[in-house]
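Encoded as C-alpha coordinates, the structure appears first; notes follow it.
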Amino acid sequence: MKLIEVTDKKTAAEFLQVPRVIYSGDKNWIPHLDRDIEAVFDPQVNMQFNAGALTRWVLKNESGMLIGRVAAFINNNLAHTYKQPTGGMGFFECINDKDAAFVLFNACKQWLSDKGMEAMDGPINFGEKERFWGLLINVTGESPYLMNYNPPFYHDLFESYGFKNYYEQYVYQINTKTELPPILEKKYERLVQTQGYRFEHMQLSHIDKYAEDFMTIYNKAWDEAHDNFQPMTRTKALNMFSGMKKVIDEELIIFGYHNDEPVAFFISIPELNQLFRYVNGKLNLWGKLKFVYHRWRGRCRIIYGLVFGIVPEYQNRGLESALIMKLKQIVSNKYFYESMYITWLGDFNPKMIRIVEHIGSKRAFTLVTYRKMFDEQAVFERHPVIK
(Lines give C-alpha, C1' and ligand atoms only; values in the text may rest on other atoms or scores of the structure.)
Protein backbone atom coordinates (compact mmCIF):
# COMPACT_ATOMS: atom_id res chain seq x y z
CA MET A 1 0.00 0.00 0.00
CA LYS A 2 1.12 3.55 -0.71
CA LEU A 3 0.09 6.55 1.39
CA ILE A 4 0.22 9.81 -0.57
CA GLU A 5 -0.13 13.29 0.91
CA VAL A 6 -2.49 15.58 -0.98
CA THR A 7 -0.32 18.40 -2.29
CA ASP A 8 -1.55 19.26 -5.79
CA LYS A 9 -4.60 19.27 -8.08
CA LYS A 10 -4.10 15.64 -9.08
CA THR A 11 -4.08 14.28 -5.53
CA ALA A 12 -6.90 16.66 -4.52
CA ALA A 13 -9.01 15.20 -7.34
CA GLU A 14 -8.13 11.69 -6.14
CA PHE A 15 -9.24 12.64 -2.63
CA LEU A 16 -12.67 13.52 -4.06
CA GLN A 17 -12.74 10.33 -6.09
CA VAL A 18 -12.22 7.88 -3.19
CA PRO A 19 -15.83 7.81 -1.93
CA ARG A 20 -17.02 7.15 -5.48
CA VAL A 21 -14.92 3.99 -5.35
CA ILE A 22 -16.09 2.96 -1.87
CA TYR A 23 -19.82 3.51 -2.53
CA SER A 24 -19.99 2.30 -6.11
CA GLY A 25 -23.32 0.53 -6.45
CA ASP A 26 -24.75 1.81 -3.14
CA LYS A 27 -28.10 3.31 -4.10
CA ASN A 28 -28.44 5.13 -0.76
CA TRP A 29 -25.19 7.07 -1.10
CA ILE A 30 -25.48 10.66 -2.31
CA PRO A 31 -22.12 12.36 -2.94
CA HIS A 32 -21.39 15.58 -1.11
CA LEU A 33 -20.82 18.51 -3.41
CA ASP A 34 -17.16 18.60 -4.39
CA ARG A 35 -17.08 22.32 -3.67
CA ASP A 36 -18.37 21.78 -0.10
CA ILE A 37 -15.54 19.32 0.57
CA GLU A 38 -12.86 21.46 -1.04
CA ALA A 39 -14.00 24.52 0.93
CA VAL A 40 -12.89 22.76 4.13
CA PHE A 41 -9.35 22.49 2.78
CA ASP A 42 -9.12 26.02 1.36
CA PRO A 43 -7.41 28.54 3.70
CA GLN A 44 -9.07 31.35 1.78
CA VAL A 45 -12.51 30.01 2.67
CA ASN A 46 -12.12 28.09 5.95
CA MET A 47 -11.29 30.47 8.80
CA GLN A 48 -10.18 27.53 10.99
CA PHE A 49 -6.78 27.85 9.30
CA ASN A 50 -6.29 31.11 11.25
CA ALA A 51 -5.84 29.04 14.41
CA GLY A 52 -4.95 25.61 13.13
CA ALA A 53 -3.32 23.30 10.65
CA LEU A 54 -4.43 20.47 8.39
CA THR A 55 -3.13 17.76 6.13
CA ARG A 56 -4.73 14.91 4.17
CA TRP A 57 -3.80 11.73 2.35
CA VAL A 58 -5.06 9.21 -0.16
CA LEU A 59 -4.18 5.51 0.00
CA LYS A 60 -3.53 3.25 -3.00
CA ASN A 61 -2.98 -0.49 -3.26
CA GLU A 62 -0.10 -2.22 -5.04
CA SER A 63 -1.93 -1.86 -8.36
CA GLY A 64 -2.32 1.89 -7.92
CA MET A 65 -6.06 1.72 -7.22
CA LEU A 66 -7.57 4.18 -4.73
CA ILE A 67 -8.62 2.36 -1.55
CA GLY A 68 -8.86 5.09 1.12
CA ARG A 69 -8.45 8.67 2.26
CA VAL A 70 -8.30 10.66 5.50
CA ALA A 71 -7.50 14.11 6.90
CA ALA A 72 -5.89 15.19 10.19
CA PHE A 73 -6.15 18.65 11.72
CA ILE A 74 -5.65 20.75 14.83
CA ASN A 75 -7.79 23.63 16.05
CA ASN A 76 -5.47 25.36 18.53
CA ASN A 77 -8.38 27.23 20.10
CA LEU A 78 -9.93 23.91 21.09
CA ALA A 79 -7.12 21.35 21.31
CA HIS A 80 -5.82 22.43 24.72
CA THR A 81 -9.20 22.71 26.45
CA TYR A 82 -9.16 18.96 27.20
CA LYS A 83 -7.14 17.03 29.80
CA GLN A 84 -5.13 15.62 26.91
CA PRO A 85 -4.38 17.98 23.99
CA THR A 86 -6.73 16.65 21.31
CA GLY A 87 -6.65 16.94 17.55
CA GLY A 88 -9.07 15.70 14.95
CA MET A 89 -9.35 13.33 12.03
CA GLY A 90 -12.08 13.14 9.44
CA PHE A 91 -13.18 12.59 5.85
CA PHE A 92 -12.24 8.95 6.39
CA GLU A 93 -13.18 6.55 3.62
CA CYS A 94 -11.72 3.08 3.21
CA ILE A 95 -12.30 -0.35 1.77
CA ASN A 96 -13.26 -3.11 4.22
CA ASP A 97 -9.68 -3.90 5.23
CA LYS A 98 -8.25 -3.28 8.72
CA ASP A 99 -4.68 -3.06 7.48
CA ALA A 100 -5.62 -0.27 5.08
CA ALA A 101 -7.71 1.52 7.71
CA PHE A 102 -4.91 1.32 10.26
CA VAL A 103 -2.45 2.85 7.79
CA LEU A 104 -4.78 5.86 7.57
CA PHE A 105 -5.39 6.02 11.33
CA ASN A 106 -1.66 5.71 12.05
CA ALA A 107 -0.86 8.55 9.67
CA CYS A 108 -3.26 10.82 11.59
CA LYS A 109 -1.93 9.69 14.96
CA GLN A 110 1.71 10.27 13.97
CA TRP A 111 1.06 13.68 12.45
CA LEU A 112 -0.92 14.81 15.50
CA SER A 113 1.61 13.35 17.96
CA ASP A 114 4.41 15.24 16.23
CA LYS A 115 2.45 18.42 16.94
CA GLY A 116 2.00 17.69 20.63
CA MET A 117 -1.42 16.06 20.60
CA GLU A 118 -2.22 13.18 22.95
CA ALA A 119 -5.61 12.16 21.54
CA MET A 120 -7.75 12.54 18.45
CA ASP A 121 -11.48 12.79 17.86
CA GLY A 122 -13.09 11.48 14.73
CA PRO A 123 -14.52 11.38 12.28
CA ILE A 124 -15.07 15.13 12.66
CA ASN A 125 -14.85 18.27 10.55
CA PHE A 126 -12.23 21.00 10.45
CA GLY A 127 -15.04 23.48 11.00
CA GLU A 128 -18.69 23.52 12.00
CA LYS A 129 -20.20 20.58 13.88
CA GLU A 130 -23.33 20.76 11.74
CA ARG A 131 -21.49 19.15 8.80
CA PHE A 132 -19.27 16.12 8.17
CA TRP A 133 -19.29 15.20 11.88
CA GLY A 134 -19.60 11.74 13.41
CA LEU A 135 -19.77 8.16 12.14
CA LEU A 136 -23.20 7.01 10.98
CA ILE A 137 -23.85 3.68 12.68
CA ASN A 138 -27.45 2.91 11.74
CA VAL A 139 -27.63 3.13 7.97
CA THR A 140 -31.35 3.04 7.19
CA GLY A 141 -31.45 4.98 3.93
CA GLU A 142 -30.23 8.22 2.43
CA SER A 143 -28.55 10.58 4.87
CA PRO A 144 -29.41 14.30 4.95
CA TYR A 145 -27.40 17.09 3.33
CA LEU A 146 -23.87 17.54 4.80
CA MET A 147 -24.30 14.54 7.11
CA ASN A 148 -21.82 11.69 6.85
CA TYR A 149 -22.93 8.45 5.24
CA ASN A 150 -20.90 5.37 6.20
CA PRO A 151 -21.06 1.62 5.55
CA PRO A 152 -21.66 -0.61 8.61
CA PHE A 153 -18.11 -2.00 8.68
CA TYR A 154 -16.58 1.41 9.52
CA HIS A 155 -17.82 0.94 13.09
CA ASP A 156 -15.61 -2.13 13.49
CA LEU A 157 -12.60 -0.44 11.87
CA PHE A 158 -12.71 2.44 14.36
CA GLU A 159 -13.27 0.33 17.46
CA SER A 160 -10.68 -2.28 16.48
CA TYR A 161 -8.11 0.50 16.33
CA GLY A 162 -8.98 1.62 19.86
CA PHE A 163 -11.38 4.50 19.30
CA LYS A 164 -13.98 4.82 22.08
CA ASN A 165 -17.46 6.36 21.99
CA TYR A 166 -16.97 9.95 23.18
CA TYR A 167 -20.58 10.91 22.51
CA GLU A 168 -23.48 10.10 20.21
CA GLN A 169 -25.37 12.49 17.98
CA TYR A 170 -29.01 11.99 17.11
CA VAL A 171 -31.10 13.14 14.18
CA TYR A 172 -34.84 13.02 14.79
CA GLN A 173 -37.68 13.00 12.27
CA ILE A 174 -41.27 14.15 12.65
CA ASN A 175 -44.17 14.06 10.21
CA THR A 176 -45.45 17.55 9.42
CA LYS A 177 -49.01 16.34 10.02
CA THR A 178 -48.22 15.23 13.57
CA GLU A 179 -50.39 17.00 16.11
CA LEU A 180 -48.18 18.80 18.60
CA PRO A 181 -48.95 18.53 22.35
CA PRO A 182 -51.48 21.20 23.44
CA ILE A 183 -49.01 22.52 26.00
CA LEU A 184 -46.79 23.80 23.17
CA GLU A 185 -49.58 25.95 21.82
CA LYS A 186 -50.31 27.23 25.34
CA LYS A 187 -46.66 28.20 25.82
CA TYR A 188 -46.63 29.92 22.45
CA GLU A 189 -49.83 31.86 23.14
CA ARG A 190 -48.61 32.85 26.61
CA LEU A 191 -45.39 34.24 25.19
CA VAL A 192 -46.88 36.22 22.31
CA GLN A 193 -49.91 37.53 24.21
CA THR A 194 -48.62 38.41 27.65
CA GLN A 195 -44.86 38.84 27.64
CA GLY A 196 -43.97 40.98 24.65
CA TYR A 197 -42.63 38.21 22.45
CA ARG A 198 -43.09 37.80 18.72
CA PHE A 199 -41.96 35.14 16.26
CA GLU A 200 -41.51 35.62 12.54
CA HIS A 201 -39.86 33.98 9.57
CA MET A 202 -36.94 35.53 7.75
CA GLN A 203 -37.59 37.74 4.75
CA LEU A 204 -34.99 37.63 2.01
CA SER A 205 -35.72 41.24 1.15
CA HIS A 206 -34.22 42.15 4.55
CA ILE A 207 -31.42 39.60 4.61
CA ASP A 208 -28.94 42.10 6.10
CA LYS A 209 -31.16 42.59 9.16
CA TYR A 210 -31.67 38.87 9.78
CA ALA A 211 -27.97 38.12 9.30
CA GLU A 212 -27.21 40.68 12.01
CA ASP A 213 -29.92 39.26 14.28
CA PHE A 214 -28.44 35.79 13.77
CA MET A 215 -24.97 37.10 14.66
CA THR A 216 -26.30 38.75 17.84
CA ILE A 217 -28.07 35.61 19.09
CA TYR A 218 -25.27 33.27 18.04
CA ASN A 219 -22.56 35.24 19.82
CA LYS A 220 -24.52 35.48 23.06
CA ALA A 221 -25.64 31.84 23.03
CA TRP A 222 -22.38 30.19 21.97
CA ASP A 223 -20.04 32.40 24.01
CA GLU A 224 -21.41 31.02 27.26
CA ALA A 225 -21.67 27.43 26.06
CA HIS A 226 -18.25 26.91 24.47
CA ASP A 227 -14.69 27.44 25.66
CA ASN A 228 -12.41 29.59 23.49
CA PHE A 229 -15.41 30.76 21.48
CA GLN A 230 -14.65 32.73 18.33
CA PRO A 231 -17.38 35.37 17.77
CA MET A 232 -19.38 35.43 14.57
CA THR A 233 -18.64 38.58 12.58
CA ARG A 234 -21.23 40.60 10.69
CA THR A 235 -19.43 39.85 7.43
CA LYS A 236 -19.36 36.10 8.07
CA ALA A 237 -23.03 36.03 9.03
CA LEU A 238 -24.05 37.96 5.91
CA ASN A 239 -21.86 35.79 3.68
CA MET A 240 -23.42 32.67 5.19
CA PHE A 241 -26.98 33.86 4.60
CA SER A 242 -26.15 35.21 1.14
CA GLY A 243 -24.51 31.90 0.21
CA MET A 244 -27.70 30.05 1.17
CA LYS A 245 -29.95 32.52 -0.64
CA LYS A 246 -30.56 30.37 -3.73
CA VAL A 247 -31.51 27.24 -1.83
CA ILE A 248 -33.33 28.35 1.32
CA ASP A 249 -37.04 28.71 1.90
CA GLU A 250 -37.28 31.95 3.87
CA GLU A 251 -40.35 30.74 5.74
CA LEU A 252 -38.38 27.88 7.32
CA ILE A 253 -36.03 30.20 9.21
CA ILE A 254 -37.73 31.45 12.39
CA PHE A 255 -36.59 34.27 14.69
CA GLY A 256 -37.88 35.12 18.15
CA TYR A 257 -37.86 38.65 19.59
CA HIS A 258 -38.56 40.13 23.01
CA ASN A 259 -39.36 43.83 22.98
CA ASP A 260 -37.84 43.89 19.47
CA GLU A 261 -34.51 42.44 20.67
CA PRO A 262 -33.45 39.23 18.85
CA VAL A 263 -33.33 36.40 21.38
CA ALA A 264 -33.83 33.10 19.51
CA PHE A 265 -33.66 31.41 16.13
CA PHE A 266 -34.41 28.06 14.54
CA ILE A 267 -32.60 27.59 11.24
CA SER A 268 -34.05 25.01 8.87
CA ILE A 269 -33.74 24.52 5.13
CA PRO A 270 -35.18 22.20 2.50
CA GLU A 271 -33.41 18.82 2.71
CA LEU A 272 -31.15 19.42 -0.27
CA ASN A 273 -29.89 15.87 -0.71
CA GLN A 274 -33.26 15.11 -2.26
CA LEU A 275 -32.10 17.40 -5.05
CA PHE A 276 -28.33 16.88 -4.96
CA ARG A 277 -28.82 13.15 -5.61
CA TYR A 278 -29.29 14.17 -9.24
CA VAL A 279 -26.08 16.19 -9.67
CA ASN A 280 -23.41 13.60 -8.65
CA GLY A 281 -21.52 16.10 -6.51
CA LYS A 282 -21.00 18.53 -9.39
CA LEU A 283 -22.80 21.87 -9.13
CA ASN A 284 -21.55 23.09 -12.50
CA LEU A 285 -23.91 24.59 -15.08
CA TRP A 286 -25.48 21.23 -15.91
CA GLY A 287 -25.73 20.37 -12.22
CA LYS A 288 -27.42 23.69 -11.47
CA LEU A 289 -29.95 23.11 -14.24
CA LYS A 290 -30.76 19.68 -12.79
CA PHE A 291 -31.04 21.18 -9.32
CA VAL A 292 -33.49 23.88 -10.46
CA TYR A 293 -35.51 21.41 -12.51
CA HIS A 294 -35.99 18.90 -9.73
CA ARG A 295 -36.77 21.62 -7.22
CA TRP A 296 -39.44 22.88 -9.62
CA ARG A 297 -40.75 19.30 -9.83
CA GLY A 298 -41.30 19.40 -6.07
CA ARG A 299 -38.80 16.63 -5.30
CA CYS A 300 -37.79 18.28 -2.00
CA ARG A 301 -40.34 17.06 0.56
CA ILE A 302 -38.34 17.05 3.76
CA ILE A 303 -37.27 19.98 5.97
CA TYR A 304 -33.83 19.86 7.55
CA GLY A 305 -33.82 21.56 10.97
CA LEU A 306 -30.19 22.58 11.43
CA VAL A 307 -29.81 24.44 14.70
CA PHE A 308 -31.53 26.23 17.58
CA GLY A 309 -30.00 29.30 19.19
CA ILE A 310 -31.35 30.98 22.33
CA VAL A 311 -29.76 33.80 24.30
CA PRO A 312 -28.81 32.40 27.75
CA GLU A 313 -31.07 34.61 29.86
CA TYR A 314 -34.06 33.51 27.73
CA GLN A 315 -33.45 29.79 28.06
CA ASN A 316 -35.90 27.68 30.07
CA ARG A 317 -38.78 29.99 29.14
CA GLY A 318 -40.34 27.79 26.48
CA LEU A 319 -38.82 29.50 23.46
CA GLU A 320 -37.78 26.18 21.92
CA SER A 321 -41.44 25.13 21.95
CA ALA A 322 -42.56 28.47 20.56
CA LEU A 323 -40.11 28.29 17.64
CA ILE A 324 -41.32 24.80 16.78
CA MET A 325 -44.95 25.92 17.06
CA LYS A 326 -44.39 28.87 14.74
CA LEU A 327 -42.71 26.64 12.15
CA LYS A 328 -45.57 24.15 12.46
CA GLN A 329 -48.09 26.91 11.70
CA ILE A 330 -46.16 27.91 8.59
CA VAL A 331 -45.56 24.39 7.31
CA SER A 332 -49.22 23.45 7.70
CA ASN A 333 -49.88 25.73 4.70
CA LYS A 334 -47.09 24.13 2.63
CA TYR A 335 -48.58 20.82 1.56
CA PHE A 336 -45.44 19.58 -0.20
CA TYR A 337 -43.34 19.26 3.01
CA GLU A 338 -44.07 15.82 4.44
CA SER A 339 -41.60 15.57 7.33
CA MET A 340 -38.71 17.28 9.09
CA TYR A 341 -35.32 16.20 10.39
CA ILE A 342 -34.15 17.82 13.62
CA THR A 343 -30.39 17.76 14.14
CA TRP A 344 -27.78 18.00 15.85
CA LEU A 345 -28.57 16.59 19.31
CA GLY A 346 -25.77 15.15 21.41
CA ASP A 347 -26.51 12.48 24.01
CA PHE A 348 -24.93 14.88 26.50
CA ASN A 349 -27.94 17.23 26.10
CA PRO A 350 -30.83 15.24 27.61
CA LYS A 351 -33.00 18.33 28.05
CA MET A 352 -33.13 19.07 24.32
CA ILE A 353 -33.67 15.39 23.56
CA ARG A 354 -36.69 15.36 25.89
CA ILE A 355 -38.14 18.39 24.11
CA VAL A 356 -37.93 16.92 20.60
CA GLU A 357 -39.22 13.54 21.76
CA HIS A 358 -42.09 15.22 23.61
CA ILE A 359 -43.37 16.74 20.36
CA GLY A 360 -43.56 13.30 18.74
CA SER A 361 -40.21 13.08 16.94
CA LYS A 362 -38.63 9.68 16.40
CA ARG A 363 -34.91 9.00 16.20
CA ALA A 364 -33.94 8.53 12.56
CA PHE A 365 -30.13 8.47 12.60
CA THR A 366 -27.42 7.86 15.19
CA LEU A 367 -23.83 8.97 14.70
CA VAL A 368 -20.84 8.47 16.99
CA THR A 369 -17.97 10.86 17.64
CA TYR A 370 -15.06 8.70 18.73
CA ARG A 371 -11.94 9.56 20.73
CA LYS A 372 -8.63 7.71 20.53
CA MET A 373 -6.19 8.15 23.44
CA PHE A 374 -2.59 7.83 22.25
CA ASP A 375 -1.44 6.63 25.68
CA GLU A 376 -3.20 3.31 26.21
CA GLN A 377 -2.95 3.81 29.99
CA ALA A 378 -4.67 7.21 29.95
CA VAL A 379 -8.12 7.39 31.52
CA PHE A 380 -10.89 7.81 28.96
CA GLU A 381 -13.91 9.93 29.90
CA ARG A 382 -17.06 10.51 27.87
CA HIS A 383 -18.31 14.00 27.08
CA PRO A 384 -19.83 15.59 30.21
CA VAL A 385 -23.61 15.85 30.37
CA ILE A 386 -25.14 19.32 30.15
CA LYS A 387 -27.16 19.96 33.30
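Ligands are numbered from 1 in the order shown, chains are lettered A, B, ... in the order of the C-alpha coordinates, and residues start at 1 in each chain.
Taking only C-alpha atoms, the non-local environment of Glu357 of chain A within 10 Å (same-chain residues fewer than 5 positions away omitted) comprises Tyr172, Gln173, Ile174, Met352, Lys362 and Arg363 of chain A.
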Filtered DSSP result for segment 33-179 of chain A, state strand (DSSP E or B), as an NGL selection string: :A and (52-60 or 66-75 or 86-94 or 119-122 or 135-136 or 164-175)
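Nearest residue to Gln195 of chain A among A:Thr233, A:Asn148, A:Thr11, A:Asn259 is A:Asn259, counting only C-alpha atoms.
Each of A:His383, A:Arg56, A:Arg131, A:His201 was checked against Leu146 of chain A using only C-alpha atoms; the smallest atom-to-atom distance is that of A:Arg131.
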Show me, as a PDB file with N, CA, C and O atoms, in the first residue's frame, the residues that have an atom within 12 Å of Glu5 of chain A when counting only C-alpha atoms, minus same-chain residues fewer than 4 positions from it.
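Output file selection22.pdb is given in full below:
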ATOM      1  N   LYS A   9      -3.264  19.455  -7.508  1.00  0.00           N
ATOM      2  CA  LYS A   9      -4.600  19.272  -8.084  1.00  0.00           C
ATOM      3  C   LYS A   9      -4.902  17.805  -8.355  1.00  0.00           C
ATOM      4  O   LYS A   9      -6.039  17.350  -8.187  1.00  0.00           O
ATOM      5  N   LYS A  10      -3.878  17.051  -8.766  1.00  0.00           N
ATOM      6  CA  LYS A  10      -4.096  15.637  -9.081  1.00  0.00           C
ATOM      7  C   LYS A  10      -4.499  14.857  -7.834  1.00  0.00           C
ATOM      8  O   LYS A  10      -5.493  14.111  -7.854  1.00  0.00           O
ATOM      9  N   THR A  11      -3.759  15.029  -6.749  1.00  0.00           N
ATOM     10  CA  THR A  11      -4.083  14.284  -5.532  1.00  0.00           C
ATOM     11  C   THR A  11      -5.362  14.818  -4.876  1.00  0.00           C
ATOM     12  O   THR A  11      -6.095  14.061  -4.237  1.00  0.00           O
ATOM     13  N   ALA A  12      -5.644  16.118  -5.038  1.00  0.00           N
ATOM     14  CA  ALA A  12      -6.905  16.663  -4.520  1.00  0.00           C
ATOM     15  C   ALA A  12      -8.090  16.038  -5.254  1.00  0.00           C
ATOM     16  O   ALA A  12      -9.123  15.732  -4.646  1.00  0.00           O
ATOM     17  N   GLU A  14      -8.063  13.068  -6.610  1.00  0.00           N
ATOM     18  CA  GLU A  14      -8.134  11.687  -6.141  1.00  0.00           C
ATOM     19  C   GLU A  14      -8.823  11.603  -4.788  1.00  0.00           C
ATOM     20  O   GLU A  14      -9.572  10.645  -4.516  1.00  0.00           O
ATOM     21  N   PHE A  15      -8.586  12.592  -3.933  1.00  0.00           N
ATOM     22  CA  PHE A  15      -9.242  12.643  -2.626  1.00  0.00           C
ATOM     23  C   PHE A  15     -10.761  12.673  -2.805  1.00  0.00           C
ATOM     24  O   PHE A  15     -11.506  11.999  -2.076  1.00  0.00           O
ATOM     25  N   LEU A  54      -3.740  21.608   8.962  1.00  0.00           N
ATOM     26  CA  LEU A  54      -4.434  20.466   8.394  1.00  0.00           C
ATOM     27  C   LEU A  54      -3.560  19.791   7.352  1.00  0.00           C
ATOM     28  O   LEU A  54      -2.764  20.447   6.664  1.00  0.00           O
ATOM     29  N   THR A  55      -3.718  18.492   7.234  1.00  0.00           N
ATOM     30  CA  THR A  55      -3.131  17.757   6.125  1.00  0.00           C
ATOM     31  C   THR A  55      -4.080  16.624   5.762  1.00  0.00           C
ATOM     32  O   THR A  55      -4.995  16.290   6.517  1.00  0.00           O
ATOM     33  N   ARG A  56      -3.869  16.022   4.597  1.00  0.00           N
ATOM     34  CA  ARG A  56      -4.725  14.913   4.171  1.00  0.00           C
ATOM     35  C   ARG A  56      -3.944  13.989   3.238  1.00  0.00           C
ATOM     36  O   ARG A  56      -2.947  14.387   2.643  1.00  0.00           O
ATOM     37  N   TRP A  57      -4.462  12.747   3.142  1.00  0.00           N
ATOM     38  CA  TRP A  57      -3.800  11.728   2.346  1.00  0.00           C
ATOM     39  C   TRP A  57      -4.814  10.919   1.555  1.00  0.00           C
ATOM     40  O   TRP A  57      -5.996  10.847   1.911  1.00  0.00           O
ATOM     41  N   VAL A  58      -4.326  10.282   0.503  1.00  0.00           N
ATOM     42  CA  VAL A  58      -5.057   9.210  -0.165  1.00  0.00           C
ATOM     43  C   VAL A  58      -4.208   7.956  -0.058  1.00  0.00           C
ATOM     44  O   VAL A  58      -2.976   8.021   0.092  1.00  0.00           O
ATOM     45  N   LEU A  59      -4.864   6.797  -0.117  1.00  0.00           N
ATOM     46  CA  LEU A  59      -4.178   5.509  -0.005  1.00  0.00           C
ATOM     47  C   LEU A  59      -4.460   4.682  -1.256  1.00  0.00           C
ATOM     48  O   LEU A  59      -5.611   4.587  -1.702  1.00  0.00           O
ATOM     49  N   LYS A  60      -3.392   4.105  -1.819  1.00  0.00           N
ATOM     50  CA  LYS A  60      -3.529   3.251  -2.999  1.00  0.00           C
ATOM     51  C   LYS A  60      -2.980   1.859  -2.702  1.00  0.00           C
ATOM     52  O   LYS A  60      -2.094   1.696  -1.863  1.00  0.00           O
ATOM     53  N   GLY A  68      -8.542   4.379  -0.115  1.00  0.00           N
ATOM     54  CA  GLY A  68      -8.855   5.091   1.118  1.00  0.00           C
ATOM     55  C   GLY A  68      -8.404   6.537   1.084  1.00  0.00           C
ATOM     56  O   GLY A  68      -7.648   6.963   0.201  1.00  0.00           O
ATOM     57  N   ARG A  69      -8.867   7.280   2.078  1.00  0.00           N
ATOM     58  CA  ARG A  69      -8.453   8.669   2.257  1.00  0.00           C
ATOM     59  C   ARG A  69      -8.700   9.063   3.703  1.00  0.00           C
ATOM     60  O   ARG A  69      -9.490   8.411   4.417  1.00  0.00           O
ATOM     61  N   VAL A  70      -8.067  10.137   4.161  1.00  0.00           N
ATOM     62  CA  VAL A  70      -8.301  10.657   5.501  1.00  0.00           C
ATOM     63  C   VAL A  70      -7.659  12.030   5.612  1.00  0.00           C
ATOM     64  O   VAL A  70      -6.776  12.375   4.810  1.00  0.00           O
ATOM     65  N   ALA A  71      -8.099  12.808   6.596  1.00  0.00           N
ATOM     66  CA  ALA A  71      -7.500  14.112   6.897  1.00  0.00           C
ATOM     67  C   ALA A  71      -7.233  14.191   8.393  1.00  0.00           C
ATOM     68  O   ALA A  71      -7.947  13.581   9.196  1.00  0.00           O
ATOM     69  N   ALA A  72      -6.196  14.928   8.776  1.00  0.00           N
ATOM     70  CA  ALA A  72      -5.895  15.190  10.192  1.00  0.00           C
ATOM     71  C   ALA A  72      -5.743  16.692  10.366  1.00  0.00           C
ATOM     72  O   ALA A  72      -5.240  17.385   9.471  1.00  0.00           O
ATOM     73  N   LEU A 104      -4.211   4.509   7.550  1.00  0.00           N
ATOM     74  CA  LEU A 104      -4.782   5.856   7.573  1.00  0.00           C
ATOM     75  C   LEU A 104      -4.842   6.399   9.000  1.00  0.00           C
ATOM     76  O   LEU A 104      -4.469   7.547   9.262  1.00  0.00           O
ATOM     77  N   ALA A 107      -1.370   7.309  10.262  1.00  0.00           N
ATOM     78  CA  ALA A 107      -0.865   8.552   9.669  1.00  0.00           C
ATOM     79  C   ALA A 107      -1.380   9.761  10.445  1.00  0.00           C
ATOM     80  O   ALA A 107      -0.624  10.703  10.741  1.00  0.00           O
ATOM     81  N   CYS A 108      -2.674   9.727  10.798  1.00  0.00           N
ATOM     82  CA  CYS A 108      -3.256  10.823  11.585  1.00  0.00           C
ATOM     83  C   CYS A 108      -2.609  10.887  12.967  1.00  0.00           C
ATOM     84  O   CYS A 108      -2.239  11.980  13.439  1.00  0.00           O
ATOM     85  N   TRP A 111       1.020  12.252  12.772  1.00  0.00           N
ATOM     86  CA  TRP A 111       1.056  13.683  12.447  1.00  0.00           C
ATOM     87  C   TRP A 111       0.628  14.521  13.651  1.00  0.00           C
ATOM     88  O   TRP A 111       1.252  15.538  13.971  1.00  0.00           O
TER      89      TRP A 111
END
